[in-house]
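Only one structure is covered here, and it is reproduced in the block below.
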Amino acid sequence: MLPDWRPSCAIELMRLRAQLLAELRQFFAERSVLEVETPILSHSIGTDPQLAFFTTEYCLSPRQQTLFLQTSPEFAMKRLLAAGSGSIYQISKAFRNGESGRFHNPEFTLLEWYRVGFTLPQLMDEIDELFAGLFSGQSLQETQRVSYQDVFISYTGLDPLVFSYQDYCVFARESQLPEAVTICGYDHGMWLDFIFSHKVQPYLGENSLCMVYDYPACQSSLARISEANEQVTDRVELFMNGIELGNGYYELADAKEQSSRFDKELAIRKQEELPVTVKDQRLIAALESGLPECSGVAIGLDRLLMQLSGSSSIDEVLSFPIRCA
Amino acid sequence: MATYSTNEFKAGLKVMLDNDPCAIIENEFVKPGKGQAFSRVKIRNLKTGRVIERTFKSGESIEGADVVDVEMQYLYNDGQFWHFMVPDTFEQYQTDEKVVGESGKWLKDQDTCTVTLWNDAPLAISPPNFVDLTITETDPGVRGDTSGGGGKPATLETGAVVRVPLFVQIGEVIKVDTRTGEYVSRVKE
């Protein structure tokens, strides 16, 4: 039998994707945000222990070098910002190894943009404008903005900023999730991921955009710690109908702080016997020379298309998902 | 027995969970962009039939369960045990009321059914979706009534009771859907 060669998405979805790309480019053109391209193959990669990367061999005989497929274009774009590019955006492929499911494909499309001089609330306003335009035909409910702490308490009664092992365990057992106790142990960050994934996120953004901000400091990633409250970080996540669509930061510009976060993540990688990488010294050098005050966000365009088309699986919006690529 | 990683979980896979054999119904990959990946699994306990949800840390492994479905011939019930035989090998298995359960009322001597074996011992019995059985007891219907409206209870040769149309009589063979326990049609011998 011949293998199935046909695309897994309908022709209509390809048209919708093309239309989305056109609308995005127009949106940024109107705001004088510059479209850029940065490499997908790079000598370095993010150290986040939660992101598994792909590597490939660059052969230039007699030399051979391992290169990484980017998990996001963030580092290269920050180097452009530090070089004085001004506000920029990029639509590019990103790669995350081992991620496959109804909402994941290991190769996917990211829209990432940075606004120089924007605080996180200003960027959230712009995200809101973008969504209002893209979903103009679909009568979305009003966008909700809620802090991580407030939304977590309202769905679980637990304070996400204060780790109480006892309370978290009681909640897990009462919610028919006793396995959380074994999986999470005394790891506060893991508990937050577990409970948020199971008991908060599914209810966020019913027929609307929901922006959750002020993430706990232990989930800061590449965001700044908030000046007003050091327990939280200037990070925002976007949700629609229970699906995570994007992640934004008031960008960390402190080279020393960035370098020490890399070191911490590398130590975790070593401890968990994950593939080892090296710090991106070019990013640190760029931060040292000075990253302008800016906020940035990355949005998964395949999931955004799922929302625009009411699809229940990412395969419905991809031409050739990994199983038939 | 082999172990399976969450990445290998798919519908139909038989695994051990809480010391019971289970079948995976559905596996959803859950991962926050910047967080821990989990597998949210819907799973059926093959002993109790109950469906539960369970989350695993992505990459975690669990033990497979030695569960197979075998076509067997139902031989007889000796009052305490039910006896089955694999037609090809003549290998015989016996099991009790607890395992046979509701399926027992559809089993007629010599009929073929599916026996689910766990570690080579019967775990569950599934009758065919449709069985032909003789009516041993029912009220006489009104002659000429072929409308089928209303209906009446009829006892079958295996002891099962189903609702049948009024025109169906004692001694007739009927086809029954074992999944719903409903009468389908008369069978012409």
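Each chain in the structure tokens gets a letter, A, B and so on, in the order shown; residues start at 1 in every chain, and ligands are counted from 1 in the order they appear.
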
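Neighbours of Phe196 of chain A closer than or equal to 10 Å, with only C-alpha atoms counted and sequence neighbours fewer than 5 positions away skipped, come out as Tyr148, Val151, Phe152, Tyr155, Thr156, Pro160, Met190, Trp191, Gln201 and Pro202 of chain A; Pro32 of chain B.
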
Export, as a short mmCIF file (atom, residue, chain, number, x, y, z; two decimals), in the first residue's frame, the selected residues with C-alpha atoms.
data_model
loop_
_atom_site.label_atom_id
_atom_site.label_comp_id
_atom_site.auth_asym_id
_atom_site.auth_seq_id
_atom_site.Cartn_x
_atom_site.Cartn_y
_atom_site.Cartn_z
CA TYR A 148 -1.56 34.25 39.07
CA VAL A 151 -6.72 33.01 39.86
CA PHE A 152 -4.94 30.19 41.70
CA TYR A 155 -9.93 27.85 41.76
CA THR A 156 -8.08 25.97 44.49
CA PRO A 160 0.66 29.73 45.14
CA MET A 190 6.37 21.16 40.24
CA TRP A 191 3.30 21.45 42.50
CA GLN A 201 -5.81 26.33 33.28
CA PRO A 202 -8.72 24.22 31.88
CA PRO B 32 3.04 24.30 30.14
#

Within 8 Å of Arg145 of chain A, counting only C-alpha atoms, which residues show up once you throw out same-chain ones fewer than 2 positions away? Write them as a list in words, please. Thr143, Ser147, Cys210, Met211, Val212 and Tyr213 of chain A

Using only C-alpha atoms, what table do you get, as CSV, when you list each residue of chain A with an atom no more than 10 Å from chain B, its nearest pair of atoms, and their distance in Å rounded to one decimal, rows by chain then rising number?
residue,atom,partner,partner_atom,distance
A:Asp48,CA,B:Lys34,CA,8.0
A:Pro49,CA,B:Gly35,CA,8.9
A:Gln50,CA,B:Gly35,CA,5.8
A:Leu51,CA,B:Lys34,CA,7.5
A:Gly98,CA,B:Asn7,CA,8.5
A:Glu99,CA,B:Phe29,CA,8.0
A:Ser100,CA,B:Phe29,CA,7.0
A:Gly101,CA,B:Phe29,CA,5.2
A:Arg102,CA,B:Glu28,CA,7.0
A:Phe103,CA,B:Phe29,CA,7.8
A:His104,CA,B:Phe29,CA,7.9
A:Gln176,CA,B:Glu53,CA,8.7
A:Leu177,CA,B:Arg54,CA,7.3
A:Pro178,CA,B:Arg54,CA,9.0
A:Glu179,CA,B:Thr55,CA,6.9
A:Ala180,CA,B:Thr55,CA,7.8
A:Thr182,CA,B:Phe56,CA,9.9
A:Ile183,CA,B:Lys57,CA,6.6
A:Cys184,CA,B:Lys57,CA,9.1
A:Gly189,CA,B:Gly35,CA,8.4
A:Met190,CA,B:Gln36,CA,6.6
A:Trp191,CA,B:Gln36,CA,9.6
A:Leu192,CA,B:Gly35,CA,9.2
A:Asp193,CA,B:Gly35,CA,6.2
A:Phe194,CA,B:Gln36,CA,7.8
A:Phe196,CA,B:Pro32,CA,9.1
A:Ser197,CA,B:Pro32,CA,7.3
A:His198,CA,B:Val30,CA,8.9
A:Gln201,CA,B:Pro32,CA,9.6
A:Gln219,CA,B:Lys34,CA,8.0
A:Ser220,CA,B:Lys34,CA,9.3
A:Ser221,CA,B:Lys34,CA,7.5
A:Glu237,CA,B:Gly33,CA,9.4
A:Ile243,CA,B:Pro32,CA,9.5
A:Glu244,CA,B:Pro32,CA,7.3
A:Leu245,CA,B:Gly33,CA,9.0
A:Gly246,CA,B:Gly33,CA,8.0
A:Asn247,CA,B:Gly33,CA,7.8
A:Gly300,CA,B:Gly33,CA,9.9

Using N, CA and C atoms, can you write the selected residues to a file as a compact mmCIF listing (two decimals), in the first residue's frame?
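Ended up saving to part.txt:
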# COMPACT_ATOMS: atom_id res chain seq x y z
N ASP A 48 16.98 26.09 29.83
CA ASP A 48 15.78 25.67 30.54
C ASP A 48 15.66 24.14 30.60
N PRO A 49 15.70 23.56 31.82
CA PRO A 49 15.67 22.10 31.92
C PRO A 49 14.35 21.50 31.40
N GLN A 50 13.31 22.34 31.30
CA GLN A 50 12.01 21.83 30.84
C GLN A 50 11.90 21.78 29.32
N LEU A 51 12.89 22.33 28.63
CA LEU A 51 12.83 22.34 27.17
C LEU A 51 13.92 21.41 26.62
N GLY A 98 10.57 15.89 21.86
CA GLY A 98 9.74 15.09 22.75
C GLY A 98 8.36 15.65 23.01
N GLU A 99 8.00 16.77 22.37
CA GLU A 99 6.68 17.35 22.63
C GLU A 99 5.74 16.98 21.49
N SER A 100 4.82 16.06 21.79
CA SER A 100 3.88 15.63 20.77
C SER A 100 2.57 15.27 21.45
N GLY A 101 1.49 15.77 20.93
CA GLY A 101 0.19 15.49 21.53
C GLY A 101 -0.88 16.30 20.83
N ARG A 102 -2.03 16.41 21.47
CA ARG A 102 -3.14 17.11 20.85
C ARG A 102 -2.84 18.60 20.66
N PHE A 103 -1.97 19.15 21.53
CA PHE A 103 -1.64 20.57 21.46
C PHE A 103 -0.17 20.82 21.18
N HIS A 104 0.56 19.77 20.85
CA HIS A 104 2.01 19.90 20.65
C HIS A 104 2.46 19.21 19.39
N GLN A 176 -9.08 14.21 43.97
CA GLN A 176 -8.86 12.95 43.26
C GLN A 176 -7.57 12.98 42.43
N LEU A 177 -6.56 13.66 42.97
CA LEU A 177 -5.26 13.67 42.30
C LEU A 177 -4.17 13.25 43.28
N PRO A 178 -4.37 12.13 43.99
CA PRO A 178 -3.39 11.77 45.02
C PRO A 178 -2.00 11.52 44.47
N GLU A 179 -1.91 11.19 43.15
CA GLU A 179 -0.59 10.92 42.57
C GLU A 179 0.31 12.15 42.60
N ALA A 180 -0.30 13.34 42.74
CA ALA A 180 0.49 14.57 42.79
C ALA A 180 1.49 14.52 43.94
N THR A 182 3.16 12.04 45.22
CA THR A 182 4.37 11.29 44.86
C THR A 182 5.17 12.01 43.78
N ILE A 183 4.46 12.55 42.79
CA ILE A 183 5.16 13.18 41.66
C ILE A 183 5.87 14.45 42.11
N CYS A 184 5.21 15.27 42.93
CA CYS A 184 5.74 16.61 43.23
C CYS A 184 6.62 16.67 44.47
N GLY A 189 7.74 24.36 42.60
CA GLY A 189 7.49 24.66 41.19
C GLY A 189 6.70 23.54 40.51
N MET A 190 7.06 22.31 40.83
CA MET A 190 6.37 21.16 40.24
C MET A 190 4.90 21.13 40.69
N TRP A 191 4.68 21.39 41.97
CA TRP A 191 3.30 21.45 42.50
C TRP A 191 2.49 22.50 41.73
N LEU A 192 3.09 23.67 41.53
CA LEU A 192 2.36 24.73 40.83
C LEU A 192 2.02 24.29 39.41
N ASP A 193 3.00 23.69 38.70
CA ASP A 193 2.73 23.20 37.35
C ASP A 193 1.60 22.17 37.36
N PHE A 194 1.67 21.25 38.31
CA PHE A 194 0.68 20.17 38.37
C PHE A 194 -0.72 20.73 38.63
N PHE A 196 -1.84 23.86 38.55
CA PHE A 196 -2.30 24.84 37.55
C PHE A 196 -2.77 24.13 36.28
N SER A 197 -2.00 23.12 35.81
CA SER A 197 -2.37 22.38 34.60
C SER A 197 -3.70 21.66 34.74
N HIS A 198 -3.94 21.10 35.94
CA HIS A 198 -5.12 20.25 36.12
C HIS A 198 -6.35 21.00 36.61
N GLN A 201 -5.89 26.04 34.71
CA GLN A 201 -5.81 26.33 33.28
C GLN A 201 -7.05 25.88 32.48
N GLN A 219 8.96 30.68 39.04
CA GLN A 219 8.68 30.37 37.64
C GLN A 219 9.02 31.57 36.76
N SER A 220 10.14 32.20 37.07
CA SER A 220 10.44 33.48 36.41
C SER A 220 11.01 33.31 35.02
N SER A 221 11.74 32.20 34.78
CA SER A 221 12.32 31.99 33.46
C SER A 221 13.18 33.19 33.05
N GLU A 237 1.05 35.09 30.93
CA GLU A 237 0.71 33.96 30.06
C GLU A 237 -0.67 34.21 29.48
N ILE A 243 -6.53 26.72 26.76
CA ILE A 243 -5.30 26.38 26.04
C ILE A 243 -4.30 27.51 26.18
N GLU A 244 -3.05 27.15 26.51
CA GLU A 244 -1.99 28.15 26.61
C GLU A 244 -1.59 28.59 25.21
N LEU A 245 -1.61 29.91 24.98
CA LEU A 245 -1.28 30.42 23.64
C LEU A 245 0.04 31.15 23.60
N GLY A 246 0.47 31.72 24.73
CA GLY A 246 1.69 32.51 24.67
C GLY A 246 2.21 32.90 26.03
N ASN A 247 3.39 33.49 25.99
CA ASN A 247 4.13 33.77 27.20
C ASN A 247 4.94 35.04 26.98
N GLY A 300 2.17 30.94 20.11
CA GLY A 300 2.15 29.77 19.22
C GLY A 300 1.08 29.96 18.15

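Near segment 260-272 of chain A, within 9 Å and counting only C-alpha atoms, sit Gly46, Thr47, Asp48, Pro49, Ser221, Leu222, Ala255, Thr277, Val278, Lys279 and Asp280 of chain A, not including residues fewer than 5 positions from it in the same chain.
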
Please produce an output containing N, CA and C atoms for each residue in the selection, written as a compact mmCIF listing (two decimals), in the first residue's frame.
# COMPACT_ATOMS: atom_id res chain seq x y z
N GLY A 46 19.01 27.71 24.75
CA GLY A 46 18.54 27.99 26.10
C GLY A 46 18.85 26.82 27.03
N THR A 47 18.98 27.15 28.33
CA THR A 47 19.38 26.12 29.29
C THR A 47 18.19 25.55 30.05
N ASP A 48 16.98 26.09 29.83
CA ASP A 48 15.78 25.67 30.54
C ASP A 48 15.66 24.14 30.60
N PRO A 49 15.70 23.56 31.82
CA PRO A 49 15.67 22.10 31.92
C PRO A 49 14.35 21.50 31.40
N SER A 221 11.74 32.20 34.78
CA SER A 221 12.32 31.99 33.46
C SER A 221 13.18 33.19 33.05
N LEU A 222 12.81 33.91 31.99
CA LEU A 222 13.65 35.02 31.54
C LEU A 222 13.01 36.38 31.84
N ALA A 255 22.85 41.31 32.99
CA ALA A 255 23.72 40.23 32.49
C ALA A 255 24.14 39.28 33.60
N THR A 277 24.38 21.63 27.92
CA THR A 277 24.63 22.68 26.94
C THR A 277 25.53 23.71 27.60
N VAL A 278 25.89 24.72 26.83
CA VAL A 278 26.72 25.78 27.43
C VAL A 278 25.93 27.07 27.44
N LYS A 279 26.34 27.98 28.32
CA LYS A 279 25.71 29.29 28.37
C LYS A 279 25.92 30.01 27.04
N ASP A 280 24.92 30.74 26.61
CA ASP A 280 25.08 31.54 25.40
C ASP A 280 25.85 32.82 25.76

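The space separating atom CA of Ala121 of chain B from atom CA of Tyr76 of chain B comes to 17.6 Å.
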
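Coordinates place atom CA of Gln26 of chain A at a distance of 18.6 Å from atom CA of Gly296 of chain A.
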